>>> print(open('my_file.cif').read())   # mmCIF, N, CA and C atoms
data_target
#
loop_
_atom_site.label_atom_id
_atom_site.label_comp_id
_atom_site.auth_asym_id
_atom_site.auth_seq_id
_atom_site.Cartn_x
_atom_site.Cartn_y
_atom_site.Cartn_z
N MET A 1430 0.04 13.32 -2.47
CA MET A 1430 0.86 12.68 -1.47
C MET A 1430 0.85 11.17 -1.61
N SER A 1431 -0.28 10.57 -1.92
CA SER A 1431 -0.37 9.12 -1.97
C SER A 1431 0.50 8.50 -3.06
N ILE A 1432 0.79 9.24 -4.12
CA ILE A 1432 1.62 8.69 -5.19
C ILE A 1432 3.08 9.17 -5.07
N TRP A 1433 3.43 9.76 -3.96
CA TRP A 1433 4.76 10.33 -3.74
C TRP A 1433 5.88 9.34 -4.06
N LEU A 1434 5.74 8.08 -3.70
CA LEU A 1434 6.82 7.11 -3.93
C LEU A 1434 7.02 6.79 -5.40
N ARG A 1435 6.12 7.22 -6.26
CA ARG A 1435 6.28 7.04 -7.71
C ARG A 1435 7.04 8.19 -8.36
N THR A 1436 7.28 9.25 -7.63
CA THR A 1436 7.91 10.43 -8.21
C THR A 1436 9.43 10.31 -8.18
N GLN A 1437 10.10 11.21 -8.89
CA GLN A 1437 11.56 11.18 -8.95
C GLN A 1437 12.22 11.83 -7.74
N GLY A 1438 11.46 12.57 -6.96
CA GLY A 1438 12.03 13.29 -5.83
C GLY A 1438 12.01 12.53 -4.51
N VAL A 1439 11.91 11.22 -4.57
CA VAL A 1439 11.82 10.42 -3.34
C VAL A 1439 13.20 10.37 -2.68
N PRO A 1440 13.25 10.68 -1.37
CA PRO A 1440 14.54 10.63 -0.66
C PRO A 1440 14.95 9.19 -0.34
N ASN A 1441 16.16 9.02 0.13
CA ASN A 1441 16.64 7.69 0.52
C ASN A 1441 15.95 7.19 1.79
N TYR A 1442 15.54 8.13 2.65
CA TYR A 1442 14.86 7.78 3.89
C TYR A 1442 13.55 8.56 3.99
N ILE A 1443 12.52 7.90 4.48
CA ILE A 1443 11.27 8.58 4.77
C ILE A 1443 11.35 9.03 6.23
N HIS A 1444 11.10 10.30 6.46
CA HIS A 1444 11.22 10.90 7.79
C HIS A 1444 9.82 11.06 8.37
N LEU A 1445 9.53 10.34 9.44
CA LEU A 1445 8.23 10.38 10.09
C LEU A 1445 8.33 11.07 11.44
N PHE A 1446 7.30 11.80 11.80
CA PHE A 1446 7.21 12.44 13.11
C PHE A 1446 6.10 11.77 13.90
N LYS A 1447 6.29 11.65 15.21
CA LYS A 1447 5.32 11.03 16.11
C LYS A 1447 4.92 9.65 15.58
N ALA A 1448 5.92 8.85 15.25
CA ALA A 1448 5.68 7.53 14.67
C ALA A 1448 5.31 6.50 15.73
N GLN A 1449 4.36 5.67 15.40
CA GLN A 1449 4.01 4.52 16.23
C GLN A 1449 4.27 3.28 15.41
N VAL A 1450 5.02 2.34 16.00
CA VAL A 1450 5.46 1.15 15.30
C VAL A 1450 4.95 -0.07 16.06
N VAL A 1451 4.44 -1.05 15.33
CA VAL A 1451 4.04 -2.31 15.94
C VAL A 1451 5.14 -3.32 15.66
N SER A 1452 5.71 -3.87 16.72
CA SER A 1452 6.78 -4.87 16.58
C SER A 1452 6.19 -6.25 16.85
N PHE A 1453 6.46 -7.17 15.92
CA PHE A 1453 5.99 -8.55 16.06
C PHE A 1453 7.13 -9.48 16.48
N ALA A 1454 8.28 -8.92 16.79
CA ALA A 1454 9.42 -9.73 17.24
C ALA A 1454 9.11 -10.31 18.61
N GLY A 1455 9.44 -11.57 18.79
CA GLY A 1455 9.18 -12.20 20.08
C GLY A 1455 7.74 -12.68 20.20
N GLY A 1456 7.20 -12.64 21.40
CA GLY A 1456 5.85 -13.15 21.69
C GLY A 1456 4.74 -12.30 21.14
N SER A 1457 4.08 -11.57 22.00
CA SER A 1457 2.93 -10.78 21.57
C SER A 1457 3.38 -9.45 20.94
N PRO A 1458 2.55 -8.90 20.04
CA PRO A 1458 2.90 -7.62 19.40
C PRO A 1458 3.05 -6.51 20.43
N LYS A 1459 4.02 -5.63 20.18
CA LYS A 1459 4.27 -4.49 21.06
C LYS A 1459 4.24 -3.21 20.24
N THR A 1460 3.68 -2.15 20.83
CA THR A 1460 3.66 -0.85 20.17
C THR A 1460 4.78 0.00 20.73
N LEU A 1461 5.54 0.59 19.84
CA LEU A 1461 6.63 1.48 20.21
C LEU A 1461 6.33 2.86 19.65
N SER A 1462 6.70 3.90 20.40
CA SER A 1462 6.48 5.28 19.94
C SER A 1462 7.82 6.01 19.85
N PHE A 1463 7.95 6.82 18.81
CA PHE A 1463 9.17 7.59 18.59
C PHE A 1463 8.78 9.02 18.21
N SER A 1464 9.56 9.99 18.65
CA SER A 1464 9.29 11.37 18.24
C SER A 1464 9.62 11.55 16.75
N GLU A 1465 10.66 10.85 16.28
CA GLU A 1465 11.03 10.86 14.87
C GLU A 1465 11.51 9.46 14.50
N MET A 1466 11.32 9.10 13.23
CA MET A 1466 11.80 7.82 12.72
C MET A 1466 12.23 8.01 11.28
N PHE A 1467 13.30 7.32 10.90
CA PHE A 1467 13.82 7.35 9.53
C PHE A 1467 13.76 5.92 8.99
N ILE A 1468 13.01 5.73 7.91
CA ILE A 1468 12.83 4.41 7.31
C ILE A 1468 13.46 4.42 5.93
N PRO A 1469 14.35 3.45 5.63
CA PRO A 1469 14.90 3.37 4.27
C PRO A 1469 13.78 3.18 3.25
N THR A 1470 13.69 4.05 2.29
CA THR A 1470 12.62 4.00 1.31
C THR A 1470 12.58 2.66 0.58
N VAL A 1471 13.72 2.06 0.30
CA VAL A 1471 13.75 0.78 -0.42
C VAL A 1471 13.12 -0.35 0.38
N GLN A 1472 12.96 -0.17 1.68
CA GLN A 1472 12.36 -1.22 2.51
C GLN A 1472 10.87 -1.01 2.77
N VAL A 1473 10.29 0.03 2.22
CA VAL A 1473 8.87 0.30 2.40
C VAL A 1473 8.07 -0.68 1.53
N SER A 1474 7.13 -1.38 2.15
CA SER A 1474 6.29 -2.34 1.43
C SER A 1474 4.96 -1.74 1.01
N ALA A 1475 4.41 -0.83 1.81
CA ALA A 1475 3.12 -0.22 1.51
C ALA A 1475 3.10 1.19 2.09
N PHE A 1476 2.25 2.04 1.49
CA PHE A 1476 2.22 3.45 1.88
C PHE A 1476 0.82 4.00 1.64
N HIS A 1477 0.25 4.66 2.66
CA HIS A 1477 -1.02 5.35 2.49
C HIS A 1477 -1.11 6.48 3.51
N LEU A 1478 -1.95 7.43 3.21
CA LEU A 1478 -2.21 8.50 4.16
C LEU A 1478 -3.01 7.95 5.34
N ALA A 1479 -2.76 8.48 6.52
CA ALA A 1479 -3.51 8.05 7.69
C ALA A 1479 -4.94 8.57 7.60
N PRO A 1480 -5.92 7.66 7.65
CA PRO A 1480 -7.31 8.11 7.61
C PRO A 1480 -7.60 9.03 8.79
N PRO A 1481 -8.43 10.02 8.63
CA PRO A 1481 -9.39 10.21 7.54
C PRO A 1481 -8.82 11.00 6.36
N GLN A 1482 -7.53 11.33 6.37
CA GLN A 1482 -6.93 12.06 5.25
C GLN A 1482 -6.99 11.19 4.00
N GLN A 1483 -7.18 11.82 2.84
CA GLN A 1483 -7.17 11.08 1.59
C GLN A 1483 -6.87 12.01 0.43
N ASP A 1484 -6.30 11.44 -0.61
CA ASP A 1484 -6.00 12.14 -1.85
C ASP A 1484 -7.02 11.75 -2.90
N PRO A 1485 -7.10 12.51 -4.00
CA PRO A 1485 -7.90 12.05 -5.13
C PRO A 1485 -7.30 10.74 -5.66
N LEU A 1486 -8.14 9.89 -6.20
CA LEU A 1486 -7.65 8.63 -6.77
C LEU A 1486 -6.76 8.93 -7.97
N ASP A 1487 -5.85 8.00 -8.27
CA ASP A 1487 -4.83 8.24 -9.30
C ASP A 1487 -5.21 7.70 -10.68
N TYR A 1488 -6.51 7.65 -10.98
CA TYR A 1488 -6.94 7.20 -12.30
C TYR A 1488 -8.17 7.97 -12.73
N ASP A 1489 -8.46 7.90 -14.02
CA ASP A 1489 -9.64 8.53 -14.60
C ASP A 1489 -10.74 7.48 -14.68
N ALA A 1490 -11.82 7.65 -13.94
CA ALA A 1490 -12.90 6.66 -13.90
C ALA A 1490 -13.56 6.45 -15.26
N SER A 1491 -13.45 7.43 -16.16
CA SER A 1491 -14.08 7.29 -17.48
C SER A 1491 -13.17 6.59 -18.49
N GLU A 1492 -11.97 6.23 -18.08
CA GLU A 1492 -11.04 5.55 -18.99
C GLU A 1492 -11.64 4.23 -19.48
N GLN A 1493 -11.57 4.03 -20.77
CA GLN A 1493 -12.12 2.83 -21.39
C GLN A 1493 -11.24 1.60 -21.13
N ASN A 1494 -11.85 0.43 -21.21
CA ASN A 1494 -11.15 -0.86 -21.16
C ASN A 1494 -10.37 -1.10 -19.87
N ARG A 1495 -10.89 -0.61 -18.75
CA ARG A 1495 -10.27 -0.85 -17.44
C ARG A 1495 -11.33 -1.40 -16.50
N ALA A 1496 -10.91 -2.27 -15.61
CA ALA A 1496 -11.84 -2.85 -14.63
C ALA A 1496 -11.12 -3.05 -13.30
N MET A 1497 -11.91 -3.01 -12.24
CA MET A 1497 -11.39 -3.29 -10.90
C MET A 1497 -11.42 -4.81 -10.68
N GLN A 1498 -10.30 -5.34 -10.26
CA GLN A 1498 -10.19 -6.78 -9.99
C GLN A 1498 -10.01 -6.97 -8.48
N PRO A 1499 -10.97 -7.62 -7.80
CA PRO A 1499 -10.81 -7.86 -6.35
C PRO A 1499 -9.58 -8.74 -6.08
N MET A 1500 -8.89 -8.43 -5.00
CA MET A 1500 -7.69 -9.18 -4.64
C MET A 1500 -7.39 -9.01 -3.17
N GLU A 1501 -6.46 -9.82 -2.69
CA GLU A 1501 -5.89 -9.65 -1.36
C GLU A 1501 -4.37 -9.66 -1.52
N ALA A 1502 -3.72 -8.76 -0.83
CA ALA A 1502 -2.26 -8.71 -0.85
C ALA A 1502 -1.76 -9.01 0.56
N MET A 1503 -0.71 -9.78 0.64
CA MET A 1503 -0.08 -10.08 1.93
C MET A 1503 1.20 -9.27 2.01
N VAL A 1504 1.27 -8.45 3.06
CA VAL A 1504 2.44 -7.60 3.30
C VAL A 1504 2.89 -7.93 4.72
N GLY A 1505 3.90 -8.79 4.82
CA GLY A 1505 4.30 -9.27 6.13
C GLY A 1505 3.13 -10.00 6.75
N SER A 1506 2.75 -9.63 7.97
CA SER A 1506 1.60 -10.28 8.61
C SER A 1506 0.30 -9.51 8.37
N PHE A 1507 0.33 -8.46 7.55
CA PHE A 1507 -0.86 -7.68 7.24
C PHE A 1507 -1.52 -8.21 5.98
N ILE A 1508 -2.84 -8.15 5.95
CA ILE A 1508 -3.62 -8.54 4.78
C ILE A 1508 -4.36 -7.31 4.28
N LEU A 1509 -4.18 -7.00 3.00
CA LEU A 1509 -4.82 -5.86 2.37
C LEU A 1509 -5.89 -6.40 1.43
N LYS A 1510 -7.14 -6.10 1.70
CA LYS A 1510 -8.25 -6.54 0.86
C LYS A 1510 -8.73 -5.35 0.07
N GLY A 1511 -8.73 -5.46 -1.25
CA GLY A 1511 -9.14 -4.34 -2.08
C GLY A 1511 -9.23 -4.75 -3.53
N SER A 1512 -8.95 -3.80 -4.42
CA SER A 1512 -9.03 -4.05 -5.86
C SER A 1512 -7.85 -3.40 -6.56
N VAL A 1513 -7.41 -4.03 -7.65
CA VAL A 1513 -6.42 -3.42 -8.53
C VAL A 1513 -7.14 -3.09 -9.84
N ARG A 1514 -6.68 -2.05 -10.50
CA ARG A 1514 -7.30 -1.62 -11.77
C ARG A 1514 -6.43 -2.15 -12.91
N ILE A 1515 -7.03 -3.01 -13.75
CA ILE A 1515 -6.27 -3.61 -14.84
C ILE A 1515 -7.03 -3.45 -16.16
N SER A 1516 -6.33 -3.73 -17.23
CA SER A 1516 -6.92 -3.70 -18.56
C SER A 1516 -7.91 -4.85 -18.72
N THR A 1517 -9.02 -4.58 -19.39
CA THR A 1517 -9.98 -5.65 -19.69
C THR A 1517 -9.50 -6.49 -20.87
N GLN A 1518 -8.41 -6.08 -21.51
CA GLN A 1518 -7.88 -6.78 -22.67
C GLN A 1518 -6.87 -7.86 -22.30
N THR A 1519 -6.56 -7.99 -21.01
CA THR A 1519 -5.55 -8.95 -20.57
C THR A 1519 -5.91 -9.49 -19.20
N ASP A 1520 -5.12 -10.40 -18.68
CA ASP A 1520 -5.37 -10.93 -17.34
C ASP A 1520 -4.42 -10.28 -16.34
N VAL A 1521 -4.62 -10.58 -15.07
CA VAL A 1521 -3.83 -9.96 -14.01
C VAL A 1521 -2.36 -10.30 -14.15
N GLY A 1522 -2.04 -11.57 -14.40
CA GLY A 1522 -0.64 -11.98 -14.52
C GLY A 1522 0.10 -11.21 -15.60
N THR A 1523 -0.53 -11.08 -16.76
CA THR A 1523 0.09 -10.33 -17.86
C THR A 1523 0.22 -8.86 -17.48
N SER A 1524 -0.81 -8.29 -16.86
CA SER A 1524 -0.74 -6.89 -16.44
C SER A 1524 0.43 -6.66 -15.49
N LEU A 1525 0.63 -7.57 -14.53
CA LEU A 1525 1.75 -7.42 -13.59
C LEU A 1525 3.10 -7.54 -14.31
N ASP A 1526 3.17 -8.43 -15.29
CA ASP A 1526 4.43 -8.61 -16.02
C ASP A 1526 4.82 -7.40 -16.85
N VAL A 1527 3.83 -6.69 -17.40
CA VAL A 1527 4.15 -5.58 -18.31
C VAL A 1527 4.12 -4.21 -17.65
N MET A 1528 3.66 -4.13 -16.40
CA MET A 1528 3.63 -2.80 -15.78
C MET A 1528 5.05 -2.29 -15.56
N ARG A 1529 5.21 -1.02 -15.68
CA ARG A 1529 6.54 -0.42 -15.63
C ARG A 1529 6.81 0.34 -14.34
N THR A 1530 6.01 0.09 -13.32
CA THR A 1530 6.20 0.77 -12.06
C THR A 1530 6.35 -0.24 -10.94
N ALA A 1531 7.20 0.06 -10.00
CA ALA A 1531 7.37 -0.83 -8.84
C ALA A 1531 6.22 -0.66 -7.85
N TRP A 1532 5.47 0.44 -7.96
CA TRP A 1532 4.41 0.74 -6.99
C TRP A 1532 3.05 0.52 -7.61
N LEU A 1533 2.31 -0.42 -7.05
CA LEU A 1533 0.99 -0.80 -7.52
C LEU A 1533 -0.07 -0.15 -6.63
N SER A 1534 -1.09 0.44 -7.23
CA SER A 1534 -2.18 1.03 -6.46
C SER A 1534 -3.21 -0.03 -6.11
N ILE A 1535 -3.67 -0.01 -4.87
CA ILE A 1535 -4.77 -0.84 -4.42
C ILE A 1535 -5.87 0.12 -3.96
N TYR A 1536 -7.10 -0.14 -4.42
CA TYR A 1536 -8.21 0.78 -4.17
C TYR A 1536 -9.22 0.17 -3.21
N ASP A 1537 -9.90 1.07 -2.49
CA ASP A 1537 -10.94 0.69 -1.53
C ASP A 1537 -10.41 -0.44 -0.64
N ALA A 1538 -9.30 -0.16 0.02
CA ALA A 1538 -8.57 -1.19 0.76
C ALA A 1538 -8.98 -1.26 2.22
N GLU A 1539 -9.05 -2.48 2.69
CA GLU A 1539 -9.25 -2.78 4.10
C GLU A 1539 -7.97 -3.48 4.56
N ILE A 1540 -7.36 -2.97 5.62
CA ILE A 1540 -6.10 -3.53 6.12
C ILE A 1540 -6.37 -4.17 7.47
N VAL A 1541 -6.03 -5.45 7.58
CA VAL A 1541 -6.22 -6.19 8.83
C VAL A 1541 -4.95 -6.97 9.14
N ASN A 1542 -4.89 -7.45 10.38
CA ASN A 1542 -3.76 -8.28 10.81
C ASN A 1542 -4.30 -9.35 11.75
N PRO A 1543 -4.13 -10.64 11.40
CA PRO A 1543 -4.67 -11.70 12.24
C PRO A 1543 -4.05 -11.74 13.64
N HIS A 1544 -2.87 -11.16 13.83
CA HIS A 1544 -2.23 -11.11 15.14
C HIS A 1544 -2.75 -9.95 16.00
N LEU A 1545 -3.45 -9.02 15.36
CA LEU A 1545 -4.02 -7.86 16.06
C LEU A 1545 -5.50 -7.72 15.67
N PRO A 1546 -6.38 -8.50 16.28
CA PRO A 1546 -7.79 -8.47 15.87
C PRO A 1546 -8.42 -7.08 15.95
N GLN A 1547 -7.92 -6.21 16.83
CA GLN A 1547 -8.48 -4.87 16.97
C GLN A 1547 -8.01 -3.94 15.85
N PHE A 1548 -7.00 -4.34 15.07
CA PHE A 1548 -6.45 -3.49 14.01
C PHE A 1548 -7.33 -3.62 12.76
N HIS A 1549 -7.87 -2.50 12.32
CA HIS A 1549 -8.71 -2.47 11.13
C HIS A 1549 -8.66 -1.06 10.56
N VAL A 1550 -8.14 -0.91 9.35
CA VAL A 1550 -8.02 0.39 8.70
C VAL A 1550 -8.64 0.29 7.31
N ARG A 1551 -9.39 1.31 6.92
CA ARG A 1551 -9.92 1.42 5.55
C ARG A 1551 -9.31 2.66 4.93
N THR A 1552 -8.92 2.54 3.68
CA THR A 1552 -8.37 3.68 2.95
C THR A 1552 -8.80 3.57 1.48
N PRO A 1553 -9.13 4.70 0.84
CA PRO A 1553 -9.57 4.66 -0.55
C PRO A 1553 -8.47 4.20 -1.51
N MET A 1554 -7.19 4.43 -1.13
CA MET A 1554 -6.09 4.07 -2.03
C MET A 1554 -4.81 3.93 -1.22
N LEU A 1555 -4.01 2.96 -1.62
CA LEU A 1555 -2.67 2.84 -1.06
C LEU A 1555 -1.75 2.30 -2.13
N LEU A 1556 -0.47 2.53 -1.94
CA LEU A 1556 0.53 1.99 -2.84
C LEU A 1556 1.21 0.81 -2.16
N VAL A 1557 1.51 -0.23 -2.94
CA VAL A 1557 2.29 -1.35 -2.44
C VAL A 1557 3.48 -1.55 -3.35
N ASN A 1558 4.59 -1.93 -2.75
CA ASN A 1558 5.79 -2.24 -3.52
C ASN A 1558 5.59 -3.62 -4.12
N SER A 1559 5.40 -3.69 -5.42
CA SER A 1559 5.06 -4.96 -6.08
C SER A 1559 6.15 -6.01 -5.95
N ASN A 1560 7.35 -5.61 -5.55
CA ASN A 1560 8.44 -6.57 -5.36
C ASN A 1560 8.48 -7.13 -3.94
N GLN A 1561 7.60 -6.65 -3.04
CA GLN A 1561 7.65 -7.08 -1.66
C GLN A 1561 6.33 -7.62 -1.13
N ILE A 1562 5.41 -7.95 -2.02
CA ILE A 1562 4.09 -8.43 -1.60
C ILE A 1562 3.73 -9.70 -2.34
N TYR A 1563 2.72 -10.38 -1.81
CA TYR A 1563 2.08 -11.51 -2.49
C TYR A 1563 0.66 -11.09 -2.83
N LEU A 1564 0.23 -11.37 -4.05
CA LEU A 1564 -1.14 -11.03 -4.47
C LEU A 1564 -1.96 -12.29 -4.63
N GLY A 1565 -3.13 -12.30 -4.03
CA GLY A 1565 -4.07 -13.40 -4.20
C GLY A 1565 -5.32 -12.86 -4.86
N MET A 1566 -5.69 -13.44 -5.98
CA MET A 1566 -6.86 -12.97 -6.72
C MET A 1566 -8.10 -13.70 -6.22
N LEU A 1567 -9.20 -12.97 -6.10
CA LEU A 1567 -10.46 -13.53 -5.61
C LEU A 1567 -11.39 -13.88 -6.76
#
>>> encode(input="my_file.cif", output="C-alpha cells")
Amino acid sequence: MSIWLRTQGVPNYIHLFKAQVVSFAGGSPKTLSFSEMFIPTVQVSAFHLAPPQQDPLDYDASEQNRAMQPMEAMVGSFILKGSVRISTQTDVGTSLDVMRTAWLSIYDAEIVNPHLPQFHVRTPMLLVNSNQIYLGML
C-alpha cells in the first residue's frame, strides 16, 4: 500500500473515507471532518499509512553501496524528519537528478508542524512527491 502511488494503476482521484482535514486558511488551524473526500492525485505531496499500520520497507537492507542520509523535508507547513536511501557512490544532489521516479521514500520519519505543537506522527516509511517538497540535508 505504501508504494501505491508509484504503480501504474493510480486513479485520478484518491478516495478517502472518514477523512479529517486540517485547514490552515485564515487564523488558527481548524479540523474538518468528511464522510468521504476525493483528492486529485497530482496534488498529493506526501502519502503514508496511518500508524500503527505499516508495510514492509521498499528496499533490501543487504543491498551493497547504499546508505541512509539524514534529512528534513518541508511539505507545506509540515516538517518531515527522516532519512533517504542513496548510493554511496554519489551525493544527494546527483541522486535526486538521476532518479527516475517522482515519488521519493523517506524512512523512519517523524512528522511535525510548528503551527500544531500537539501534532506528532512517526512512520517507518512514507512517500513524498519530489516535485512538491523542499529537502534539507543534515
>>> resolve_selection(input="my_file.cif", expression="the PyMOL selection byres ((chain A and resi 1521-1537) around 5)", output="JSON, numbers by chain")
{"A": [1511, 1512, 1519, 1520, 1538, 1539, 1552, 1553, 1554, 1555, 1556, 1557, 1558, 1559]}
>>> resolve_selection(input="my_file.cif", expression="the PyMOL selection byres (((chain A and resi 1441-1445 and name CA) around 8) and name CA)", output="VMD selection string")
chain A and resid 1439 to 1440 1446 to 1448 1465 to 1471
>>> residues_around(input="my_file.cif", residues="Leu1509 in chain A", least_positions_apart="6", cutoff="6 Å", atoms="all atoms listed in the file", output="list in words")
Met1500, Glu1501, Ala1502, Met1503, Ala1538, Glu1539, Ile1540 and Val1541 of chain A
>>> atom_distance(input="my_file.cif", atom1="CA of Phe1476 in chain A", atom2="CA of Tyr1488 in chain A")
17.3 Å
>>> residues_around(input="my_file.cif", residues="Gln1449 in chain A", least_positions_apart="5", cutoff="7 Å", atoms="all atoms listed in the file", output="list in words")
Thr1460, Leu1461, Ser1462 and Phe1463 of chain A
>>> resolve_selection(input="my_file.cif", expression="the PyMOL selection byres ((chain A and resi 1483) around 8)", output="ChimeraX atom specification")
/A:1430-1431,1477-1482,1484-1486,1552-1554
>>> atom_distance(input="my_file.cif", atom1="atom C of Leu1564 in chain A", atom2="atom C of Phe1548 in chain A")
20.2 Å
>>> select_by_dssp(input="my_file.cif", residues="range 1432-1560 of chain A", states="helix (DSSP H, G or I)", output="PyMOL selection string")
chain A and resi 1433-1435+1470-1472+1521-1527
>>> select_by_dssp(input="my_file.cif", residues="chain A", states="strand (DSSP E)", output="ChimeraX atom specification")
/A:1442-1452,1459-1469,1475-1476,1495-1504,1507-1516,1532-1541,1549-1558,1563-1566
>>> residues_around(input="my_file.cif", residues="Leu1545 in chain A", least_positions_apart="6", cutoff="12 Å", atoms="only C-alpha atoms", output="number ranges by chain")
A: 1451-1453, 1457-1460, 1506-1508
>>> closest_residue(input="my_file.cif", among="A:Ile1432, A:Lys1510, A:Ser1516, A:Gln1437", to="His1549 in chain A", atoms="only C-alpha atoms")
A:Lys1510
>>> atom_distance(input="my_file.cif", atom1="CA of Asn1560 in chain A", atom2="CA of Val1504 in chain A")
10.6 Å
>>> axis_aligned_box(input="my_file.cif", around="range 1502-1510 of chain A", padding_each_side="5 Å", output="AutoDock Vina command-line options")
--center_x -2.2 --center_y -7.8 --center_z 3.9 --size_x 23.0 --size_y 14.9 --size_z 19.5
>>> closest_residue(input="my_file.cif", among="A:Pro1543, A:Gly1505, A:Gly1455, A:Pro1499", to="Ile1562 in chain A", atoms="only C-alpha atoms")
A:Gly1505
>>> residues_around(input="my_file.cif", residues="Gln1518 in chain A", least_positions_apart="3", cutoff="8 Å", atoms="all atoms listed in the file", output="PyMOL selection string")
chain A and resi 1494-1496+1515
>>> decode(input="my_file.cif", residues="range 1447-1487 of chain A", atoms="C-alpha atoms", output="PDB file, in the first residue's frame")
ATOM      1  CA  LYS A1447     -13.856   9.276   7.312  1.00  0.00           C
ATOM      2  CA  ALA A1448     -11.306  11.923   6.340  1.00  0.00           C
ATOM      3  CA  GLN A1449     -10.074  14.522   8.785  1.00  0.00           C
ATOM      4  CA  VAL A1450      -8.505  17.622   7.259  1.00  0.00           C
ATOM      5  CA  VAL A1451      -6.528  20.371   8.970  1.00  0.00           C
ATOM      6  CA  SER A1452      -7.118  23.752   7.343  1.00  0.00           C
ATOM      7  CA  PHE A1453      -4.535  26.495   7.847  1.00  0.00           C
ATOM      8  CA  ALA A1454      -6.538  29.108   5.927  1.00  0.00           C
ATOM      9  CA  GLY A1455      -7.207  32.202   7.995  1.00  0.00           C
ATOM     10  CA  GLY A1456      -6.171  32.470  11.656  1.00  0.00           C
ATOM     11  CA  SER A1457      -5.763  29.372  13.759  1.00  0.00           C
ATOM     12  CA  PRO A1458      -5.769  25.842  12.281  1.00  0.00           C
ATOM     13  CA  LYS A1459      -9.184  24.184  12.039  1.00  0.00           C
ATOM     14  CA  THR A1460     -10.028  20.490  11.771  1.00  0.00           C
ATOM     15  CA  LEU A1461     -12.725  19.487   9.315  1.00  0.00           C
ATOM     16  CA  SER A1462     -14.327  16.046   9.055  1.00  0.00           C
ATOM     17  CA  PHE A1463     -15.884  14.461   5.980  1.00  0.00           C
ATOM     18  CA  SER A1464     -17.556  11.094   5.453  1.00  0.00           C
ATOM     19  CA  GLU A1465     -15.815  10.920   2.052  1.00  0.00           C
ATOM     20  CA  MET A1466     -13.202  13.047   0.302  1.00  0.00           C
ATOM     21  CA  PHE A1467     -11.750  12.998  -3.209  1.00  0.00           C
ATOM     22  CA  ILE A1468      -8.240  14.412  -3.623  1.00  0.00           C
ATOM     23  CA  PRO A1469      -6.642  14.926  -7.062  1.00  0.00           C
ATOM     24  CA  THR A1470      -3.692  12.540  -7.106  1.00  0.00           C
ATOM     25  CA  VAL A1471      -1.468  15.100  -8.870  1.00  0.00           C
ATOM     26  CA  GLN A1472      -1.845  17.418  -5.870  1.00  0.00           C
ATOM     27  CA  VAL A1473      -0.727  14.877  -3.263  1.00  0.00           C
ATOM     28  CA  SER A1474       2.574  15.942  -1.680  1.00  0.00           C
ATOM     29  CA  ALA A1475       3.091  13.046   0.759  1.00  0.00           C
ATOM     30  CA  PHE A1476       1.485   9.690   1.485  1.00  0.00           C
ATOM     31  CA  HIS A1477       1.777   7.152   4.310  1.00  0.00           C
ATOM     32  CA  LEU A1478      -0.348   4.609   6.102  1.00  0.00           C
ATOM     33  CA  ALA A1479      -1.950   5.833   9.308  1.00  0.00           C
ATOM     34  CA  PRO A1480       0.018   4.460  12.255  1.00  0.00           C
ATOM     35  CA  PRO A1481       0.099   1.899  13.732  1.00  0.00           C
ATOM     36  CA  GLN A1482      -0.453   0.310  10.289  1.00  0.00           C
ATOM     37  CA  GLN A1483       2.737  -0.243   8.297  1.00  0.00           C
ATOM     38  CA  ASP A1484       4.040  -2.005   5.214  1.00  0.00           C
ATOM     39  CA  PRO A1485       7.369  -3.751   4.713  1.00  0.00           C
ATOM     40  CA  LEU A1486      10.075  -1.284   3.704  1.00  0.00           C
ATOM     41  CA  ASP A1487      10.615  -0.896  -0.039  1.00  0.00           C
TER      42      ASP A1487
END
